[in-house]
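Notes for the one structure printed next.
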Amino acid sequence: MRVLVTGAAGFLGSHLAERFLKEGHEVVGLDNFVTGSRENAEILAGYPGFELVEHDISKPIVIEGELGGILHFASPASPVDYLELPIQTLKVGSLGTHNALGIALAKKARLLLASTSEVYGDPAVHPQVETYWGNVNPIGLRGVYDEAKRFAEAMTMAYHRYHGVDTRIVRIFNTYGPRMRPADGRVVSNFIVQALLGEPISVYGDGSQTRSFTYVDDEVDGIYRLFHASYADPVNVGNPTEFTIRELADAVLAQTASRSEIRHLPLPADDPKVRRPDITLARSVLGWEPKVSLEEGLGLTIPYFRTLVDRGEARARTL
Ligand code: UDP
């Protein structure tokens, strides 16, 4: 099959594109390199079945030739990025999703939308089950990402119901692993880079807020299975083991043998207090559950950041 991956030079997009290439598919990787990296595109360019198109999916584009699938992963995804790029984030979630769905309709291709646990906002239901509608502040700083993704889900379901486009929606929970940018700004990359540099660990608030961290290989495997499954409603794909941010800091300090101190910074507005996926649906529909614990996943991720730190290329990025 020939598939289009939007955001193919991003962290998740590049891992997913590589999975399709390894399974013998051809991949057209589209990216405008706003938050994607040239290094990731170069890794993909090592496969004969890969083709790069430098373009912003928020603007219409014609892709020549047949397509069997579209994986719509283009978007800034780290809070520090989407706070700096609020309009582009809204545009890629809305216009970008519309354009991607238009290509899916024209090519009779299956489209999988990368959605997010952020659609649940600061959740009043815990753990989060797919039937929960969420608690999002539309005019808050995070609203640019959350509402763009909520619109993207609505648009995807409309194309599915009205045009009969074959669609999938994955709700991705906090994912980490090699290929994250060191200055991505998210908590796992920040803490590892800070620990390796011996800089203070930037815990926002008192660190009692929780997240559930998924290692990238697990996430990609769940997404790959969902693409091939027959299920159009949203599916949570995330590791249901929940940690406080303070616990994450302690785990990173222990595994890096770092003596960095903890420094508390103000908690950002609307920062969700808890987050954990209910994965009953993923278990039954995809036969999927995560295999990699946080400890193992950090063990697989730290060497990647250590290489960048040793080369002098790594700085954390705080809000
Ligand atoms: N966080 C933190 N220090 C950092 C970055 C993030 O304490 O340097 C916290 C943030 O306040 C949030 C959690 O870690 O509660 C996860 O933040 P991240 O930006 O990774 O993703 P989010 O889940 O908020 O989209």
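Following the order of the structure tokens, first chain is A, next is B, and so on, with residues numbered from 1 inside each chain and ligands from 1 in the order they appear.
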
| field | Within 6 Å of ligand 1, counting only C-alpha atoms and all ligand atoms, residues as JSON, numbers by chain | value | {"A": [78, 79, 174, 186, 187, 190, 202, 203, 204, 209, 245, 267, 271, 318]}

Atoms to include: all heavy atoms. Write the selected residues as a short mmCIF file (atom, residue, chain, number, x, y, z; two decimals), in the first residue's frame.
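Dumped to result.cif:
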data_model
loop_
_atom_site.label_atom_id
_atom_site.label_comp_id
_atom_site.auth_asym_id
_atom_site.auth_seq_id
_atom_site.Cartn_x
_atom_site.Cartn_y
_atom_site.Cartn_z
N SER A 78 3.55 19.87 21.56
CA SER A 78 4.04 20.20 22.89
C SER A 78 3.44 21.54 23.32
O SER A 78 3.40 22.47 22.51
CB SER A 78 5.57 20.32 22.85
OG SER A 78 6.04 20.86 24.07
N PRO A 79 2.96 21.64 24.57
CA PRO A 79 2.38 22.92 25.00
C PRO A 79 3.26 24.13 24.69
O PRO A 79 2.76 25.14 24.20
CB PRO A 79 2.17 22.72 26.50
CG PRO A 79 1.91 21.24 26.63
CD PRO A 79 2.79 20.59 25.60
N ASN A 174 0.29 10.92 26.57
CA ASN A 174 1.69 11.35 26.64
C ASN A 174 2.67 10.26 26.21
O ASN A 174 2.79 9.24 26.89
CB ASN A 174 2.03 11.79 28.08
CG ASN A 174 1.20 12.97 28.52
OD1 ASN A 174 -0.02 12.87 28.62
ND2 ASN A 174 1.85 14.10 28.76
N ARG A 186 8.36 19.18 26.50
CA ARG A 186 7.51 18.31 27.31
C ARG A 186 8.28 17.72 28.47
O ARG A 186 9.50 17.78 28.53
CB ARG A 186 6.86 17.25 26.43
CG ARG A 186 5.59 17.82 25.82
CD ARG A 186 4.90 16.88 24.92
NE ARG A 186 5.64 16.73 23.68
CZ ARG A 186 5.13 16.16 22.58
NH1 ARG A 186 3.91 15.70 22.59
NH2 ARG A 186 5.85 16.07 21.50
N VAL A 187 7.50 17.14 29.39
CA VAL A 187 8.09 16.85 30.69
C VAL A 187 9.20 15.79 30.62
O VAL A 187 10.23 15.94 31.28
CB VAL A 187 6.99 16.48 31.71
CG1 VAL A 187 6.30 15.15 31.39
CG2 VAL A 187 7.52 16.50 33.12
N ASN A 190 12.37 17.33 28.95
CA ASN A 190 12.95 18.34 29.85
C ASN A 190 13.68 17.70 31.02
O ASN A 190 14.84 18.03 31.31
CB ASN A 190 11.85 19.25 30.41
CG ASN A 190 11.61 20.47 29.51
OD1 ASN A 190 12.26 20.65 28.49
ND2 ASN A 190 10.66 21.31 29.90
N SER A 202 12.76 21.09 36.40
CA SER A 202 11.68 22.09 36.42
C SER A 202 10.32 21.44 36.66
O SER A 202 9.63 21.08 35.72
CB SER A 202 11.66 22.86 35.10
OG SER A 202 11.52 21.96 34.01
N VAL A 203 9.95 21.29 37.92
CA VAL A 203 8.63 20.73 38.25
C VAL A 203 7.63 21.88 38.33
O VAL A 203 7.80 22.79 39.14
CB VAL A 203 8.68 19.94 39.57
CG1 VAL A 203 7.27 19.54 40.02
CG2 VAL A 203 9.57 18.71 39.43
N TYR A 204 6.62 21.84 37.47
CA TYR A 204 5.59 22.88 37.50
C TYR A 204 4.60 22.58 38.62
O TYR A 204 4.12 21.45 38.74
CB TYR A 204 4.84 22.95 36.16
CG TYR A 204 5.70 23.27 34.94
CD1 TYR A 204 5.25 22.96 33.67
CD2 TYR A 204 6.94 23.89 35.07
CE1 TYR A 204 6.01 23.25 32.54
CE2 TYR A 204 7.72 24.18 33.96
CZ TYR A 204 7.26 23.85 32.69
OH TYR A 204 8.02 24.13 31.58
N GLN A 209 0.29 16.71 40.09
CA GLN A 209 -0.52 16.37 38.91
C GLN A 209 0.00 15.08 38.30
O GLN A 209 1.19 14.76 38.42
CB GLN A 209 -0.50 17.53 37.89
CG GLN A 209 0.79 17.80 37.15
CD GLN A 209 1.74 18.73 37.86
OE1 GLN A 209 1.79 18.76 39.08
NE2 GLN A 209 2.53 19.49 37.11
N ILE A 245 3.97 13.87 38.60
CA ILE A 245 5.14 14.46 37.94
C ILE A 245 6.35 14.40 38.87
O ILE A 245 7.49 14.21 38.43
CB ILE A 245 4.80 15.90 37.49
CG1 ILE A 245 3.71 15.86 36.40
CG2 ILE A 245 6.03 16.65 37.02
CD1 ILE A 245 4.02 14.98 35.19
N LEU A 267 2.61 26.53 38.08
CA LEU A 267 1.81 25.59 37.29
C LEU A 267 1.13 26.36 36.16
O LEU A 267 0.47 27.37 36.40
CB LEU A 267 0.76 24.94 38.20
CG LEU A 267 -0.05 23.79 37.59
CD1 LEU A 267 0.82 22.58 37.34
CD2 LEU A 267 -1.22 23.43 38.51
N ASP A 271 -3.60 23.44 33.29
CA ASP A 271 -2.84 22.19 33.24
C ASP A 271 -3.71 21.08 33.86
O ASP A 271 -4.10 21.18 35.01
CB ASP A 271 -1.56 22.38 34.06
CG ASP A 271 -0.50 21.32 33.77
OD1 ASP A 271 -0.67 20.18 34.22
OD2 ASP A 271 0.49 21.67 33.11
N THR A 318 11.62 25.43 28.99
CA THR A 318 10.52 25.53 29.96
C THR A 318 9.59 26.66 29.58
O THR A 318 9.95 27.56 28.80
CB THR A 318 11.07 25.78 31.38
OG1 THR A 318 11.98 26.85 31.35
CG2 THR A 318 11.77 24.54 31.92
#

Using only C-alpha atoms, what does the table of region 123-190 of chain A residues within 9 Å of region 104-114 of chain A look like, with each row giving the shortest atom pair and its distance in Å to one decimal, sorted by chain and ascending number, as a Markdown table?
| residue | atom | partner | partner_atom | distance |
| --- | --- | --- | --- | --- |
| A:Lys149 | CA | A:Ala114 | CA | 8.4 |
| A:Ala152 | CA | A:Leu113 | CA | 7.8 |
| A:Glu153 | CA | A:Leu113 | CA | 7.5 |
| A:Thr156 | CA | A:Leu113 | CA | 7.6 |
| A:Tyr159 | CA | A:Leu105 | CA | 8.2 |
| A:His163 | CA | A:Leu105 | CA | 7.5 |
| A:Gly164 | CA | A:Leu105 | CA | 8.4 |
| A:Val165 | CA | A:Leu105 | CA | 6.0 |
| A:Asp166 | CA | A:Arg110 | CA | 4.8 |
| A:Thr167 | CA | A:Leu111 | CA | 4.8 |
| A:Arg168 | CA | A:Leu112 | CA | 4.5 |
| A:Ile169 | CA | A:Leu113 | CA | 4.8 |
| A:Val170 | CA | A:Ala114 | CA | 5.5 |
| A:Arg171 | CA | A:Ala114 | CA | 6.6 |
| A:Ile172 | CA | A:Ala114 | CA | 7.0 |

Okay, now the selection with C-alpha atoms, as a compact mmCIF listing (two decimals), in the first residue's frame?
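Heads up, here's the output in out-v1.txt:
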# COMPACT_ATOMS: atom_id res chain seq x y z
CA LYS A 149 -8.22 18.44 17.84
CA ALA A 152 -10.60 17.57 13.80
CA GLU A 153 -12.52 14.69 15.40
CA THR A 156 -13.43 13.31 10.61
CA TYR A 159 -16.61 12.91 6.47
CA HIS A 163 -19.11 11.02 2.57
CA GLY A 164 -18.57 7.44 3.76
CA VAL A 165 -14.81 7.98 4.13
CA ASP A 166 -13.16 5.10 5.97
CA THR A 167 -11.77 6.79 9.09
CA ARG A 168 -10.03 5.99 12.37
CA ILE A 169 -9.40 8.26 15.36
CA VAL A 170 -6.69 7.53 17.89
CA ARG A 171 -6.56 9.48 21.16
CA ILE A 172 -2.88 9.53 22.01

| field | Within 12 Å of Ala77 (chain A) using only C-alpha atoms, minus same-chain residues under 5 positions, as a PyMOL selection string | value | chain A and resi 7+10-13+34-36+82-86+88-90+92-93+114-118+142+144-146+148-149+172-175+180-181+184-186

| task | List every residue of region 103-143 of chain A that DSSP, applied to the backbone, labels as strand (DSSP E or B), and write the result as a ChimeraX atom specification. | result | /A:110-116,121,128,135

| message | Please extract the residues of region 154-280 of chain A with a backbone DSSP assignment of alpha helix (DSSP H) and present them as an MDAnalysis selection string. | response | chainID A and resid 154:163 187:197 216:228 245:256 280

| said: Could you list, as an MDAnalysis selection string, every residue within 6 Å of Pro200 (chain A), counting only C-alpha atoms and ignoring same-chain residues fewer than 6 positions away? | reply: chainID A and resid 260:263

List every residue of region 81-148 of chain A that has an atom at most 6 Å from any atom of region 41-62 of chain A, and for each one report the closest atom pair and its distance in Å to one decimal, counting only C-alpha atoms, with rows sorted by chain and then by increasing residue number, as a Markdown table.
| residue | atom | partner | partner_atom | distance |
| --- | --- | --- | --- | --- |
| A:Lys91 | CA | A:Ser58 | CA | 6.0 |
| A:Val92 | CA | A:Ser58 | CA | 5.0 |
| A:Leu95 | CA | A:Ser58 | CA | 5.0 |
| A:Gly96 | CA | A:Ser58 | CA | 3.9 |
| A:Asn99 | CA | A:Pro60 | CA | 5.9 |

| said: Using only C-alpha atoms, which protein or nucleic acid residues come within 8 Å of Leu196 (chain A)? Drop anything in the same chain fewer than 6 positions from it, and give the result as a PyMOL selection string. | reply: chain A and resi 256+258+306+309

Give me the region 195-259 of chain A side of the contact with region 123-126 of chain A, cut-off 12 Å, one line per residue showing its nearest atom pair and distance in Å at one decimal, counting only C-alpha atoms, sorted by chain and residue number, as a Markdown table.
| residue | atom | partner | partner_atom | distance |
| --- | --- | --- | --- | --- |
| A:Gln209 | CA | A:Pro123 | CA | 12.0 |
| A:Thr210 | CA | A:His126 | CA | 11.2 |
| A:Arg211 | CA | A:His126 | CA | 11.7 |
| A:Pro240 | CA | A:His126 | CA | 11.1 |
| A:Glu242 | CA | A:His126 | CA | 11.1 |

| message | Could you tell me how far CA of Val27 (chain A) sits from CA of Ala282 (chain A), in Å to one decimal place? | response |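 Going from CA of Ala282 (chain A) over to CA of Val27 (chain A), I get 25.5 Å.
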
| In terms of the shortest atom-to-atom distance over only C-alpha atoms, which of A:Tyr132, A:Val285, A:Asp31, A:Ala195 is closest to Ala257 (chain A)? |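 Closest to Ala257 (chain A) of all the choices is A:Ala195.
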